[in-house]
Structures are given as C-alpha cells and as structure tokens.
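K.L.:
I have a structure I would like to understand better, so I am pasting it below and will then ask my questions one at a time.
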Amino acid sequence: MRCWIGVLIAVALSGCAVAPTRAPAPAPAAQASPQVARPGAADVSRFRAVVARVEPVAERICRQETANMNCDFNIGVAPRADLPPNALQTQDKDGRPVLLFTQALLAHVDNADELAFVLSHEAAHHIAGHIPRSQRSAVTGAIVLGGLATILGADSAGVEAAIDSGAALGARRYSKDFELEADAIGTVIAHRAGYDPVRGAVYFSRIADPGDRFLGTHPPNAQRIETVRRVAAGL
C-alpha cells in the first residue's frame, strides 16, 4: 500500500502549476542552473503590491462561496533560488491554504496583470476544493483497479501496483477541468482586484503548450486563454 499512499501525498502537495515546467528534484545550490532568472527589487515590490490587492479579494470570495473552509491564505515565495518559474497551491497541516511562488516566476512575468492572474488562479484552486476532490478521485481509482486486480487473481505485488496505477489515473481524471475552473474563478478574482485578467492570461502564450495529451494534467494554452476571455466578457 505504500505506493498508493505516496500518490495521495503527491496529490495533496502538487496543487497545480501554470508556469513552463514543474520544479525539478532537489539539487545542491552549487548545481543551480544559470538560466534560472532571479527577481530584482522591482520584482519583489511588484509581488508585494499584487498580493496586497488580490489576497483580500480572494479571501472574501472564498468566504462567500464556501462553507467551513479555511480562507486565510498564506502567500509566500520559495526560499530556493534555483527553481524554475512555477506556482502551486497546497495546504499546511492545519488546513490553511498555502500559495507558493518560485523566485524565478516573479522575474518571469511581464507585468502586474500576469502576476495577479497567476495568484488568482492558484487561490481559485483552493476555493474550488481541488485538492480534496483530487484525493477522492484518486481513492476511487485505487479501489476500482485494486479490486479488479484482486478479482483477477493478482498476487500482492500485482494488487499494490494496480492500486498505485488506479490512484494516479484517478488523480488525473479531472485535472484539466480543474485547471479551466481555476482559470474561470481566477478571472473573477483578478478582475475584482482591479487587474486585467485577459492581459494577465497572455502569460499562457509565452510558456510551453501542453497540447491535449492523453492523461495530461493541463489543457491547451489556447483553451485556457479562451476561457479567460469568455468569463471576462461577462464581468
């Protein structure tokens, strides 16, 4: 059962990333890539200004749209400087939502609208309850494939492998829908905070396009931009 548990932990911690790549495995600081941009004083100042405007709006919408959910966002920047542009949403041990940005992302965005949209998107993942929904889907997948392997007479190793695969497939089942849902909610948050979400979504045109891969975790960038434009047109 260790593989299954490992997958569930990964689901709880991974949140989502809207940036070009996911963070690599930890490496010593001496091996940091020279291509990873680091934020300057202006980037840090812009980040603080965006947080000051977006955070209260996100928390207000969270309290309006949810029940019995911790809406006290903890927003910060990863201390390691060698990580590529990335952002994620997770929760601490007490259930407080954590929105974490790498230093490179602060330098990678072109303007405050892009940064505000990324922040709003990550907050939207929490508001929509994507982590617990992904966990439930992972559990369902693990039970289904694990049960099928048992019925087919698989040994304990085979059953454990089936549970692991089922959990991974279950966790990915709704990931693309979750991204689009977070884009839609994030559009509203950014707009109410006084930013232009359509201009912010231009960020998608500058990052790697995941396309529409089978079992991919993110939808095509064009679909995400269209979602933002559609929602913004109704605001």
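In the structure tokens, the first chain shown is A, the next is B, and so on; residue numbers restart at 1 for each chain, and ligands run from 1 in the order shown.
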Which neighbours of stretch 54-70 of chain A fall inside 12 Å, counting only C-alpha atoms, when residues of the same chain fewer than 2 positions from it are skipped, and could you give them as a ChimeraX atom specification?
P.N.:
/A:47-52,72-76,91-92,94-99,112-113,115-129,132,185-195
K.L.:
Any chance you can output those residues with C-alpha atoms as a CSV table (one decimal), in the first residue's frame?
P.N.:
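See out_18.csv below for the written result:
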```csv
chain,number,residue,atom,x,y,z
A,47,PHE,CA,4.8,40.9,-5.9
A,48,ARG,CA,4.0,42.5,-2.6
A,49,ALA,CA,1.7,45.1,-4.2
A,50,VAL,CA,-0.2,42.4,-6.1
A,51,VAL,CA,-0.6,40.3,-3.0
A,52,ALA,CA,-1.9,43.3,-1.1
A,72,ASP,CA,-6.9,32.6,5.4
A,73,PHE,CA,-4.4,32.4,2.6
A,74,ASN,CA,-0.7,32.1,3.4
A,75,ILE,CA,1.2,33.5,0.3
A,76,GLY,CA,4.9,33.3,0.0
A,91,GLN,CA,-2.4,23.2,2.4
A,92,ASP,CA,-0.4,23.1,5.6
A,94,ASP,CA,-3.8,22.6,9.8
A,95,GLY,CA,-5.7,23.0,6.5
A,96,ARG,CA,-4.6,26.6,5.9
A,97,PRO,CA,-4.3,27.3,2.1
A,98,VAL,CA,-0.7,28.0,1.0
A,99,LEU,CA,0.1,29.7,-2.3
A,112,ALA,CA,1.4,43.0,-12.6
A,113,ASP,CA,-1.7,41.7,-14.5
A,115,LEU,CA,1.3,38.0,-11.7
A,116,ALA,CA,-2.2,38.9,-10.4
A,117,PHE,CA,-3.8,36.3,-12.7
A,118,VAL,CA,-1.4,33.6,-11.6
A,119,LEU,CA,-2.0,34.4,-8.0
A,120,SER,CA,-5.8,34.5,-8.5
A,121,HIS,CA,-5.7,31.1,-10.4
A,122,GLU,CA,-3.9,29.4,-7.5
A,123,ALA,CA,-6.3,30.9,-5.0
A,124,ALA,CA,-9.1,29.6,-7.1
A,125,HIS,CA,-7.9,26.0,-6.8
A,126,HIS,CA,-8.4,26.2,-3.0
A,127,ILE,CA,-11.8,27.9,-3.4
A,128,ALA,CA,-13.0,25.2,-5.7
A,129,GLY,CA,-11.7,22.4,-3.4
A,132,PRO,CA,-9.8,17.1,-1.7
A,185,ILE,CA,-12.7,31.7,-11.0
A,186,GLY,CA,-9.2,33.3,-11.1
A,187,THR,CA,-10.5,35.7,-13.8
A,188,VAL,CA,-13.2,36.9,-11.5
A,189,ILE,CA,-10.7,37.4,-8.6
A,190,ALA,CA,-8.2,39.3,-10.7
A,191,HIS,CA,-10.9,41.5,-12.2
A,192,ARG,CA,-12.4,42.4,-8.8
A,193,ALA,CA,-8.9,43.1,-7.5
A,194,GLY,CA,-8.6,45.8,-10.2
A,195,TYR,CA,-6.4,43.8,-12.7
```
K.L.:
Which of these residues is nearest to A:Ile207, using only C-alpha atoms: A:Leu235, A:Leu100, A:Cys71, A:Val109?
P.N.:
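Closest candidate: A:Val109.
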K.L.:
Name the closest residue to A:Arg229 among the candidates A:Pro39, A:Pro197, A:Pro79, A:Pro84; distances are taken between atoms, counting only C-alpha atoms.
P.N.:
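Residue with the minimum atom-to-atom distance to A:Arg229: A:Pro197.
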K.L.:
Tell me which protein, DNA and RNA residues are within 8 Å of A:Glu179, counting only C-alpha atoms, leaving out same-chain ones fewer than 2 positions away, and put them as a VMD selection string.
P.N.:
chain A and resid 16 125 175 to 177 181 to 183 218 to 219
K.L.:
Mind writing the picked residues with C-alpha atoms as a short mmCIF file (atom, residue, chain, number, x, y, z; two decimals), in the first residue's frame?
P.N.:
```cif
data_model
loop_
_atom_site.label_atom_id
_atom_site.label_comp_id
_atom_site.auth_asym_id
_atom_site.auth_seq_id
_atom_site.Cartn_x
_atom_site.Cartn_y
_atom_site.Cartn_z
CA CYS A 16 -1.02 22.96 -9.90
CA HIS A 125 -7.86 26.01 -6.79
CA SER A 175 -7.13 17.73 -13.69
CA LYS A 176 -7.78 19.56 -16.98
CA ASP A 177 -11.28 20.51 -15.86
CA GLU A 181 -12.32 26.00 -13.49
CA ALA A 182 -9.46 27.73 -11.68
CA ASP A 183 -8.89 29.93 -14.75
CA HIS A 218 -3.17 20.77 -18.15
CA PRO A 219 -5.41 21.77 -21.09
#
```
K.L.:
Using Å and a single decimal, report how far atom CA of A:Val44 sits from atom CA of A:Thr90.
P.N.:
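These atoms are spaced 21.8 Å apart.
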K.L.:
Mind listing the strand (DSSP E or B) residues of stretch 26-111 of chain A, per DSSP on the backbone, as a list in words?
P.N.:
Asn74, Ile75, Gly76, Val77, Ala87, Leu88, Gln89, Thr90, Gln91, Pro97, Val98, Leu99, Leu100 and Phe101 of chain A
K.L.:
Can you write out the residues you just picked, keeping C-alpha atoms, as a JSON list (two decimals), in the first residue's frame?
P.N.:
```json
[["chain", "number", "residue", "atom", "x", "y", "z"],
["A", 74, "ASN", "CA", -0.66, 32.12, 3.36],
["A", 75, "ILE", "CA", 1.16, 33.53, 0.32],
["A", 76, "GLY", "CA", 4.90, 33.32, 0.01],
["A", 77, "VAL", "CA", 7.99, 32.80, -2.13],
["A", 87, "ALA", "CA", 3.46, 28.39, -8.68],
["A", 88, "LEU", "CA", 1.42, 25.94, -6.65],
["A", 89, "GLN", "CA", -1.41, 25.71, -4.18],
["A", 90, "THR", "CA", -1.32, 23.35, -1.23],
["A", 91, "GLN", "CA", -2.37, 23.22, 2.42],
["A", 97, "PRO", "CA", -4.26, 27.27, 2.14],
["A", 98, "VAL", "CA", -0.71, 27.97, 1.00],
["A", 99, "LEU", "CA", 0.10, 29.70, -2.29],
["A", 100, "LEU", "CA", 3.78, 29.35, -3.11],
["A", 101, "PHE", "CA", 5.74, 31.06, -5.88]]
```
